[in-house]
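Novice: This is the content of protein-v1.cif (mmCIF, C-alpha atoms and all ligand atoms):
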data_structure
#
loop_
_atom_site.group_PDB
_atom_site.id
_atom_site.type_symbol
_atom_site.label_atom_id
_atom_site.label_comp_id
_atom_site.auth_asym_id
_atom_site.auth_seq_id
_atom_site.Cartn_x
_atom_site.Cartn_y
_atom_site.Cartn_z
ATOM 1 C CA MET A 52 -3.278 1.882 -37.686
ATOM 2 C CA ALA A 53 -0.284 1.428 -35.292
ATOM 3 C CA ALA A 54 -1.743 -1.871 -34.019
ATOM 4 C CA ALA A 55 -2.199 -3.137 -37.592
ATOM 5 C CA TYR A 56 1.457 -2.276 -38.365
ATOM 6 C CA ALA A 57 2.702 -3.971 -35.184
ATOM 7 C CA SER A 58 1.035 -7.245 -36.212
ATOM 8 C CA SER A 59 2.016 -6.997 -39.895
ATOM 9 C CA SER A 60 4.544 -9.309 -41.541
ATOM 10 C CA ILE A 61 6.718 -6.280 -42.462
ATOM 11 C CA PHE A 62 6.992 -5.330 -38.770
ATOM 12 C CA ARG A 63 7.804 -8.913 -37.757
ATOM 13 C CA ALA A 64 10.443 -9.225 -40.480
ATOM 14 C CA ARG A 65 12.017 -5.926 -39.346
ATOM 15 C CA GLU A 66 12.046 -7.124 -35.718
ATOM 16 C CA ARG A 67 13.761 -10.376 -36.769
ATOM 17 C CA LEU A 68 16.405 -8.438 -38.718
ATOM 18 C CA VAL A 69 17.072 -6.102 -35.767
ATOM 19 C CA ASP A 70 17.377 -9.119 -33.477
ATOM 20 C CA LEU A 71 19.799 -10.866 -35.878
ATOM 21 C CA PHE A 72 21.908 -7.690 -36.163
ATOM 22 C CA GLN A 73 21.984 -7.324 -32.365
ATOM 23 C CA ARG A 74 23.072 -10.933 -31.873
ATOM 24 C CA ALA A 75 25.810 -10.620 -34.519
ATOM 25 C CA VAL A 76 27.162 -7.400 -32.930
ATOM 26 C CA VAL A 77 27.038 -8.927 -29.454
ATOM 27 C CA ALA A 78 28.894 -12.055 -30.663
ATOM 28 C CA ALA A 79 31.601 -9.859 -32.242
ATOM 29 C CA LEU A 80 32.015 -7.656 -29.151
ATOM 30 C CA ARG A 81 32.176 -10.692 -26.892
ATOM 31 C CA THR A 82 35.446 -11.720 -28.529
ATOM 32 C CA GLY A 83 37.090 -8.768 -26.708
ATOM 33 C CA PRO A 84 37.251 -7.763 -23.017
ATOM 34 C CA ILE A 85 33.842 -7.121 -21.455
ATOM 35 C CA PRO A 86 33.458 -4.612 -18.586
ATOM 36 C CA ARG A 87 32.242 -6.087 -15.308
ATOM 37 C CA HIS A 88 30.327 -3.027 -14.109
ATOM 38 C CA VAL A 89 28.564 -0.364 -16.190
ATOM 39 C CA ALA A 90 26.408 2.456 -14.774
ATOM 40 C CA PHE A 91 23.996 4.918 -16.338
ATOM 41 C CA VAL A 92 22.725 8.380 -15.451
ATOM 42 C CA MET A 93 19.505 8.127 -17.472
ATOM 43 C CA ASP A 94 19.225 11.801 -18.306
ATOM 44 C CA GLY A 95 16.963 13.679 -20.734
ATOM 45 C CA ASN A 96 13.525 12.068 -20.335
ATOM 46 C CA ARG A 97 11.733 15.418 -19.964
ATOM 47 C CA ARG A 98 13.613 17.126 -22.800
ATOM 48 C CA TYR A 99 12.822 14.122 -24.990
ATOM 49 C CA ALA A 100 9.111 14.431 -24.109
ATOM 50 C CA ARG A 101 9.115 18.179 -24.784
ATOM 51 C CA SER A 102 10.909 17.685 -28.114
ATOM 52 C CA LEU A 103 8.000 15.466 -29.180
ATOM 53 C CA GLY A 104 5.302 17.656 -27.616
ATOM 54 C CA VAL A 105 4.113 14.849 -25.298
ATOM 55 C CA ARG A 106 3.625 14.756 -21.506
ATOM 56 C CA VAL A 107 6.682 14.569 -19.236
ATOM 57 C CA VAL A 108 5.387 11.299 -17.790
ATOM 58 C CA ASP A 109 5.428 9.766 -21.282
ATOM 59 C CA GLY A 110 9.108 10.704 -21.492
ATOM 60 C CA HIS A 111 9.716 8.713 -18.300
ATOM 61 C CA VAL A 112 7.729 5.735 -19.675
ATOM 62 C CA SER A 113 9.907 5.819 -22.814
ATOM 63 C CA GLY A 114 12.874 5.953 -20.431
ATOM 64 C CA TYR A 115 11.681 2.725 -18.832
ATOM 65 C CA TYR A 116 11.559 1.000 -22.241
ATOM 66 C CA ALA A 117 15.057 2.312 -22.995
ATOM 67 C CA LEU A 118 16.309 0.842 -19.709
ATOM 68 C CA ARG A 119 14.818 -2.551 -20.634
ATOM 69 C CA ARG A 120 16.524 -2.376 -24.036
ATOM 70 C CA VAL A 121 19.920 -1.442 -22.590
ATOM 71 C CA LEU A 122 19.775 -4.100 -19.850
ATOM 72 C CA GLU A 123 19.039 -6.767 -22.453
ATOM 73 C CA ILE A 124 22.046 -5.716 -24.583
ATOM 74 C CA LEU A 125 24.425 -5.573 -21.606
ATOM 75 C CA TYR A 126 23.357 -8.910 -20.153
ATOM 76 C CA LEU A 127 23.641 -10.517 -23.612
ATOM 77 C CA LEU A 128 27.182 -9.113 -23.739
ATOM 78 C CA GLY A 129 27.948 -10.765 -20.417
ATOM 79 C CA VAL A 130 28.221 -7.630 -18.245
ATOM 80 C CA GLU A 131 27.784 -8.869 -14.666
ATOM 81 C CA HIS A 132 26.796 -5.646 -12.865
ATOM 82 C CA VAL A 133 24.634 -2.838 -14.226
ATOM 83 C CA THR A 134 23.645 0.181 -12.120
ATOM 84 C CA ALA A 135 21.021 2.749 -13.169
ATOM 85 C CA TYR A 136 20.078 6.063 -11.542
ATOM 86 C CA ALA A 137 16.258 6.009 -11.528
ATOM 87 C CA PHE A 138 15.553 8.621 -8.847
ATOM 88 C CA ALA A 139 17.872 10.933 -6.909
ATOM 89 C CA ILE A 140 17.022 12.115 -3.375
ATOM 90 C CA ASP A 141 17.087 15.575 -4.951
ATOM 91 C CA ASN A 142 14.289 14.519 -7.358
ATOM 92 C CA PHE A 143 11.822 14.668 -4.411
ATOM 93 C CA LYS A 144 11.975 18.466 -4.985
ATOM 94 C CA ARG A 145 10.172 18.079 -8.358
ATOM 95 C CA THR A 146 6.436 18.802 -8.598
ATOM 96 C CA PRO A 147 4.240 16.367 -6.614
ATOM 97 C CA GLU A 148 2.648 15.254 -9.929
ATOM 98 C CA GLU A 149 6.017 14.267 -11.405
ATOM 99 C CA VAL A 150 7.244 12.583 -8.206
ATOM 100 C CA ASP A 151 3.966 10.589 -8.033
ATOM 101 C CA ALA A 152 4.263 9.625 -11.716
ATOM 102 C CA LEU A 153 7.854 8.402 -11.277
ATOM 103 C CA MET A 154 7.014 6.485 -8.091
ATOM 104 C CA SER A 155 3.952 4.869 -9.758
ATOM 105 C CA LEU A 156 6.119 3.901 -12.725
ATOM 106 C CA ALA A 157 8.625 2.224 -10.390
ATOM 107 C CA GLN A 158 5.840 0.503 -8.430
ATOM 108 C CA ASP A 159 4.081 -0.832 -11.556
ATOM 109 C CA ARG A 160 7.050 -1.744 -13.723
ATOM 110 C CA LEU A 161 9.498 -3.195 -11.206
ATOM 111 C CA ILE A 162 7.536 -6.416 -10.863
ATOM 112 C CA GLU A 163 7.196 -6.595 -14.674
ATOM 113 C CA PHE A 164 11.026 -6.702 -14.844
ATOM 114 C CA CYS A 165 11.081 -9.779 -12.586
ATOM 115 C CA GLU A 166 8.107 -11.763 -13.914
ATOM 116 C CA HIS A 167 8.135 -14.411 -16.642
ATOM 117 C CA GLY A 168 9.244 -12.629 -19.847
ATOM 118 C CA GLY A 169 10.808 -9.780 -17.858
ATOM 119 C CA VAL A 170 14.445 -8.921 -18.542
ATOM 120 C CA LEU A 171 15.723 -9.833 -15.032
ATOM 121 C CA ARG A 172 13.982 -13.208 -15.081
ATOM 122 C CA GLU A 173 15.106 -14.000 -18.647
ATOM 123 C CA TYR A 174 18.792 -13.264 -17.951
ATOM 124 C CA GLY A 175 18.964 -14.624 -14.393
ATOM 125 C CA VAL A 176 19.622 -11.219 -12.820
ATOM 126 C CA ARG A 177 19.297 -10.325 -9.132
ATOM 127 C CA LEU A 178 17.731 -6.941 -8.374
ATOM 128 C CA VAL A 179 19.342 -4.858 -5.620
ATOM 129 C CA ALA A 180 17.662 -1.589 -4.627
ATOM 130 C CA VAL A 181 20.300 1.018 -3.761
ATOM 131 C CA GLY A 182 19.254 4.147 -1.886
ATOM 132 C CA ASN A 183 17.396 5.472 1.121
ATOM 133 C CA ILE A 184 14.305 3.407 0.361
ATOM 134 C CA SER A 185 12.528 4.503 3.553
ATOM 135 C CA LEU A 186 11.882 7.870 1.821
ATOM 136 C CA CYS A 187 9.767 6.142 -0.892
ATOM 137 C CA PRO A 188 5.973 5.681 -0.557
ATOM 138 C CA PRO A 189 4.930 2.364 1.091
ATOM 139 C CA GLY A 190 3.665 0.920 -2.231
ATOM 140 C CA VAL A 191 7.093 1.412 -3.819
ATOM 141 C CA GLN A 192 8.844 -0.069 -0.776
ATOM 142 C CA ASP A 193 6.590 -3.155 -1.075
ATOM 143 C CA ALA A 194 7.299 -3.478 -4.812
ATOM 144 C CA ILE A 195 11.053 -3.245 -4.124
ATOM 145 C CA ARG A 196 10.867 -5.917 -1.402
ATOM 146 C CA ARG A 197 8.839 -8.191 -3.713
ATOM 147 C CA ALA A 198 11.171 -7.656 -6.669
ATOM 148 C CA GLU A 199 14.247 -8.374 -4.512
ATOM 149 C CA GLU A 200 12.592 -11.500 -3.145
ATOM 150 C CA MET A 201 11.534 -12.711 -6.637
ATOM 151 C CA THR A 202 15.104 -12.390 -7.963
ATOM 152 C CA LYS A 203 17.162 -13.316 -4.884
ATOM 153 C CA ASP A 204 18.249 -16.707 -6.282
ATOM 154 C CA ASN A 205 19.379 -15.315 -9.663
ATOM 155 C CA THR A 206 23.147 -15.581 -9.865
ATOM 156 C CA ARG A 207 24.171 -14.708 -13.436
ATOM 157 C CA ALA A 208 24.239 -10.936 -12.953
ATOM 158 C CA VAL A 209 23.141 -8.030 -10.728
ATOM 159 C CA PHE A 210 21.028 -4.975 -11.458
ATOM 160 C CA ASN A 211 21.476 -2.150 -8.924
ATOM 161 C CA LEU A 212 18.475 0.142 -9.181
ATOM 162 C CA CYS A 213 19.354 3.467 -7.549
ATOM 163 C CA ILE A 214 16.160 4.944 -6.209
ATOM 164 C CA SER A 215 15.983 7.702 -3.615
ATOM 165 C CA TYR A 216 19.776 7.709 -3.936
ATOM 166 C CA ALA A 217 22.627 10.191 -3.519
ATOM 167 C CA SER A 218 26.254 9.173 -3.428
ATOM 168 C CA ARG A 219 27.209 11.520 -0.590
ATOM 169 C CA ASP A 220 24.285 10.152 1.456
ATOM 170 C CA GLU A 221 25.559 6.602 0.784
ATOM 171 C CA ILE A 222 29.145 7.532 1.755
ATOM 172 C CA THR A 223 28.007 9.334 4.933
ATOM 173 C CA THR A 224 25.962 6.299 6.009
ATOM 174 C CA ALA A 225 28.905 3.979 5.260
ATOM 175 C CA VAL A 226 31.317 6.125 7.297
ATOM 176 C CA ASN A 227 28.918 6.319 10.257
ATOM 177 C CA THR A 228 28.295 2.557 10.262
ATOM 178 C CA THR A 229 32.016 1.815 9.999
ATOM 179 C CA VAL A 230 32.938 4.226 12.825
ATOM 180 C CA ASN A 231 30.214 2.781 15.081
ATOM 181 C CA GLU A 232 31.461 -0.765 14.428
ATOM 182 C CA LYS A 233 35.045 0.259 15.166
ATOM 183 C CA LEU A 234 34.027 1.989 18.405
ATOM 184 C CA ALA A 235 32.110 -1.106 19.508
ATOM 185 C CA SER A 236 35.073 -3.372 18.823
ATOM 186 C CA GLN A 237 37.408 -4.496 21.664
ATOM 187 C CA SER A 238 40.532 -3.684 19.633
ATOM 188 C CA PRO A 239 39.610 -1.122 16.959
ATOM 189 C CA THR A 240 41.885 -0.834 13.910
ATOM 190 C CA PRO A 241 42.182 2.194 11.569
ATOM 191 C CA ILE A 242 39.456 2.513 8.924
ATOM 192 C CA THR A 243 40.552 1.082 5.553
ATOM 193 C CA VAL A 244 39.259 1.399 2.001
ATOM 194 C CA ALA A 245 38.057 -2.202 2.295
ATOM 195 C CA ASP A 246 36.021 -1.290 5.424
ATOM 196 C CA LEU A 247 34.202 1.477 3.556
ATOM 197 C CA ASP A 248 33.802 -0.667 0.422
ATOM 198 C CA ALA A 249 32.029 -3.260 2.544
ATOM 199 C CA HIS A 250 29.533 -0.677 3.825
ATOM 200 C CA MET A 251 28.543 0.868 0.487
ATOM 201 C CA MET A 252 25.027 0.011 -0.643
ATOM 202 C CA THR A 253 26.411 -1.602 -3.807
ATOM 203 C CA ALA A 254 28.232 -4.132 -1.599
ATOM 204 C CA ARG A 255 24.898 -5.974 -1.174
ATOM 205 C CA GLY A 256 25.272 -7.259 -4.736
ATOM 206 C CA ASN A 257 29.098 -7.497 -4.454
ATOM 207 C CA SER A 258 29.449 -4.967 -7.264
ATOM 208 C CA PRO A 259 33.074 -4.187 -8.149
ATOM 209 C CA PRO A 260 34.373 -0.646 -8.908
ATOM 210 C CA LEU A 261 32.844 0.940 -11.985
ATOM 211 C CA ASP A 262 34.433 0.211 -15.361
ATOM 212 C CA ILE A 263 32.213 2.579 -17.346
ATOM 213 C CA PHE A 264 30.088 5.535 -16.208
ATOM 214 C CA VAL A 265 27.637 6.683 -18.928
ATOM 215 C CA ARG A 266 25.535 9.846 -18.903
ATOM 216 C CA THR A 267 23.105 10.660 -21.700
ATOM 217 C CA SER A 268 21.662 13.985 -22.954
ATOM 218 C CA GLY A 269 24.895 15.932 -23.412
ATOM 219 C CA VAL A 270 25.038 17.237 -19.823
ATOM 220 C CA LEU A 271 28.574 17.024 -18.369
ATOM 221 C CA ARG A 272 27.899 16.432 -14.660
ATOM 222 C CA LEU A 273 28.294 13.508 -12.250
ATOM 223 C CA SER A 274 25.157 14.428 -10.243
ATOM 224 C CA ASP A 275 26.262 12.811 -6.982
ATOM 225 C CA PHE A 276 26.217 9.326 -8.532
ATOM 226 C CA LEU A 277 28.542 6.458 -7.523
ATOM 227 C CA LEU A 278 31.388 8.771 -6.488
ATOM 228 C CA TRP A 279 32.957 6.135 -4.231
ATOM 229 C CA GLN A 280 32.559 3.339 -6.813
ATOM 230 C CA CYS A 281 34.660 5.192 -9.434
ATOM 231 C CA ASN A 282 38.382 4.401 -9.305
ATOM 232 C CA GLU A 283 41.514 5.249 -11.283
ATOM 233 C CA ASP A 284 40.392 3.084 -14.227
ATOM 234 C CA THR A 285 36.748 4.167 -14.530
ATOM 235 C CA GLN A 286 35.989 5.440 -18.028
ATOM 236 C CA ILE A 287 33.465 8.259 -18.302
ATOM 237 C CA GLN A 288 31.297 8.483 -21.409
ATOM 238 C CA PHE A 289 28.985 11.400 -22.091
ATOM 239 C CA ILE A 290 26.636 10.855 -25.010
ATOM 240 C CA ARG A 291 24.513 13.519 -26.630
ATOM 241 C CA ARG A 292 21.268 11.620 -27.213
ATOM 242 C CA TYR A 293 18.428 11.722 -24.693
ATOM 243 C CA TRP A 294 18.072 8.602 -22.545
ATOM 244 C CA PRO A 295 14.841 7.326 -24.235
ATOM 245 C CA GLU A 296 16.695 7.331 -27.575
ATOM 246 C CA ILE A 297 19.599 5.159 -26.413
ATOM 247 C CA GLY A 298 20.128 1.809 -28.139
ATOM 248 C CA LEU A 299 22.638 -0.638 -29.552
ATOM 249 C CA LEU A 300 24.198 1.985 -31.843
ATOM 250 C CA ASP A 301 25.176 4.026 -28.755
ATOM 251 C CA ILE A 302 26.464 1.007 -26.839
ATOM 252 C CA ILE A 303 28.767 -0.231 -29.646
ATOM 253 C CA PRO A 304 31.197 2.784 -29.599
ATOM 254 C CA ILE A 305 31.242 2.780 -25.792
ATOM 255 C CA LEU A 306 32.236 -0.892 -25.733
ATOM 256 C CA LEU A 307 34.790 -0.482 -28.556
ATOM 257 C CA ASP A 308 36.382 2.456 -26.737
ATOM 258 C CA TYR A 309 36.565 0.380 -23.532
ATOM 259 C CA GLN A 310 38.193 -2.519 -25.398
ATOM 260 C CA ARG A 311 40.671 -0.212 -27.153
ATOM 261 C CA LYS A 312 41.723 1.308 -23.789
ATOM 262 C CA VAL A 313 42.069 -2.087 -22.110
ATOM 263 C CA TRP A 314 44.172 -3.420 -24.985
ATOM 264 C CA SER A 315 46.394 -0.331 -25.119
ATOM 265 C CA LYS A 316 47.083 -0.307 -21.377
ATOM 266 C CA PRO A 317 50.715 -1.284 -20.658
ATOM 267 C CA ALA A 318 50.955 -4.695 -18.965
ATOM 268 C CA SER A 319 52.777 -3.046 -16.010
ATOM 269 C CA GLU A 320 49.599 -1.029 -15.254
ATOM 270 C CA SER A 321 47.161 -3.976 -15.459
HETATM 271 C C1 LIG A 401 10.820 1.002 -13.289
HETATM 272 C C2 LIG A 401 11.945 1.890 -13.522
HETATM 273 C C3 LIG A 401 13.163 1.586 -12.821
HETATM 274 C C4 LIG A 401 11.843 2.956 -14.344
HETATM 275 C C5 LIG A 401 12.908 3.880 -14.671
HETATM 276 C C6 LIG A 401 12.368 5.043 -15.456
HETATM 277 C C7 LIG A 401 13.417 6.093 -15.641
HETATM 278 C C8 LIG A 401 14.251 6.013 -16.868
HETATM 279 C C9 LIG A 401 13.605 7.022 -14.683
HETATM 280 C C10 LIG A 401 14.589 8.111 -14.745
HETATM 281 C C11 LIG A 401 13.981 9.356 -14.160
HETATM 282 C C12 LIG A 401 14.811 10.578 -14.265
HETATM 283 C C13 LIG A 401 14.841 11.466 -13.092
HETATM 284 C C14 LIG A 401 15.480 10.845 -15.423
HETATM 285 C C15 LIG A 401 16.325 12.021 -15.650
HETATM 286 O O1 LIG A 401 15.811 12.765 -16.751
HETATM 287 P P1 LIG A 401 15.095 14.121 -16.411
HETATM 288 O O2 LIG A 401 13.715 13.818 -15.924
HETATM 289 O O3 LIG A 401 15.955 14.901 -15.454
HETATM 290 O O4 LIG A 401 14.984 14.837 -17.806
HETATM 291 P P2 LIG A 401 15.645 16.219 -18.227
HETATM 292 O O5 LIG A 401 17.121 16.082 -17.973
HETATM 293 O O6 LIG A 401 15.313 16.330 -19.673
HETATM 294 O O7 LIG A 401 15.004 17.289 -17.378
#
Could I get this structure in the form of structure tokens?
Specialist:
Amino acid sequence: MAAAYASSSIFRARERLVDLFQRAVVAALRTGPIPRHVAFVMDGNRRYARSLGVRVVDGHVSGYYALRRVLEILYLLGVEHVTAYAFAIDNFKRTPEEVDALMSLAQDRLIEFCEHGGVLREYGVRLVAVGNISLCPPGVQDAIRRAEEMTKDNTRAVFNLCISYASRDEITTAVNTTVNEKLASQSPTPITVADLDAHMMTARGNSPPLDIFVRTSGVLRLSDFLLWQCNEDTQIQFIRRYWPEIGLLDIIPILLDYQRKVWSKPASES
């Protein structure tokens, strides 16, 4: 039944209309300022699954499709850096079944992102894995290495995939590396913001400070995500819908709010 609908002319006509609407909205938004760096805490996959009475793992699979959808919209808009929180170091405390399911999802779908027809390949995006990858199973580490290799020559945009990540872990590593370099230097200088910037994991893709931090599912927490990368201008957006439900209609108000704030900022503060 579902397969028959998916191949029907009504379904194809609907898809074409959605695509036309998306392109028209993107063209309109592109006439205003576009953020350079947008990040997502993709929260609510399990609550979404429970609300539908399906398995938790299916909620995460829907979350993967939502990520694909959102990346496509943002890269069409011309956003140069997108960062997504796929797995926190703290998530290793979940049941072994759920950790395995999330790791298998990453292992299987990462390459799909980078292959012909995949969103990173289509939009010329370089994948950068951000996190303590050595904590991931060997199969996931291999998939990450392959995905980074497959996309290393893409220069139009960057996708930072935070996996086995915690901001305080990233900052601690950056401070330690910086201090060790200073101690090894003949004439050490005081540590600067630029020194620490250069040692953050997001520096691999040259990602600038965050313009917009988005968290779905109505939870008002930062969850140890990109604390260093936020600055005085970062706009925080909490939206009520679960991550798998996110789409263009959620992105439009976020972008309009960003544009309104940029336009209303006094020139002396720019
Ligand atoms: C290949 C690839 C990168 C896939 C990404 C898939 C994806 C969206 C992963 C996010 C996993 C996660 C811990 C979501 C948070 O919701 P939650 O599980 O905490 O849900 P809850 O808040 O309802 O408990």
Novice: With a distance cut-off of 12 Å and all atoms listed in the file, select the neighbouring residues of Glu163 of chain A, excluding the residue or stretch itself and same-chain residues fewer than 6 positions from it, and output the selection as a PyMOL selection string.
Specialist: chain A and resi 115-116+119+156-157+169-173+194-195+197-198+201-202
Novice: Would you mind listing the residues within 9 Å of ligand LIG 401 (chain A), counting all atoms listed in the file, as a PyMOL selection string?
Specialist: chain A and resi 92-101+107-108+110-119+135-139+142+149+153-164+212-214+267-268+270+293-295
Novice: So, counting all atoms listed in the file, which residue among A:Val244, A:Val226, A:Val179, A:Val77 is closest to Leu125 of chain A?
Specialist: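 Counting all atoms listed in the file, the residue closest to Leu125 of chain A is A:Val77.
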Novice: Using all atoms listed in the file, find the one residue out of A:Arg63, A:Arg74, A:Arg207, A:Arg120 that sits nearest to Arg87 of chain A.
Specialist: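 Looking only at the distances to Arg87 of chain A, the closest residue turns out to be A:Arg207.
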Novice: So which residues touch Thr224 of chain A within 9 Å, counting all atoms listed in the file, skipping near sequence neighbours fewer than 5 positions away, as a PyMOL selection string?
Specialist: chain A and resi 219+229+250-251
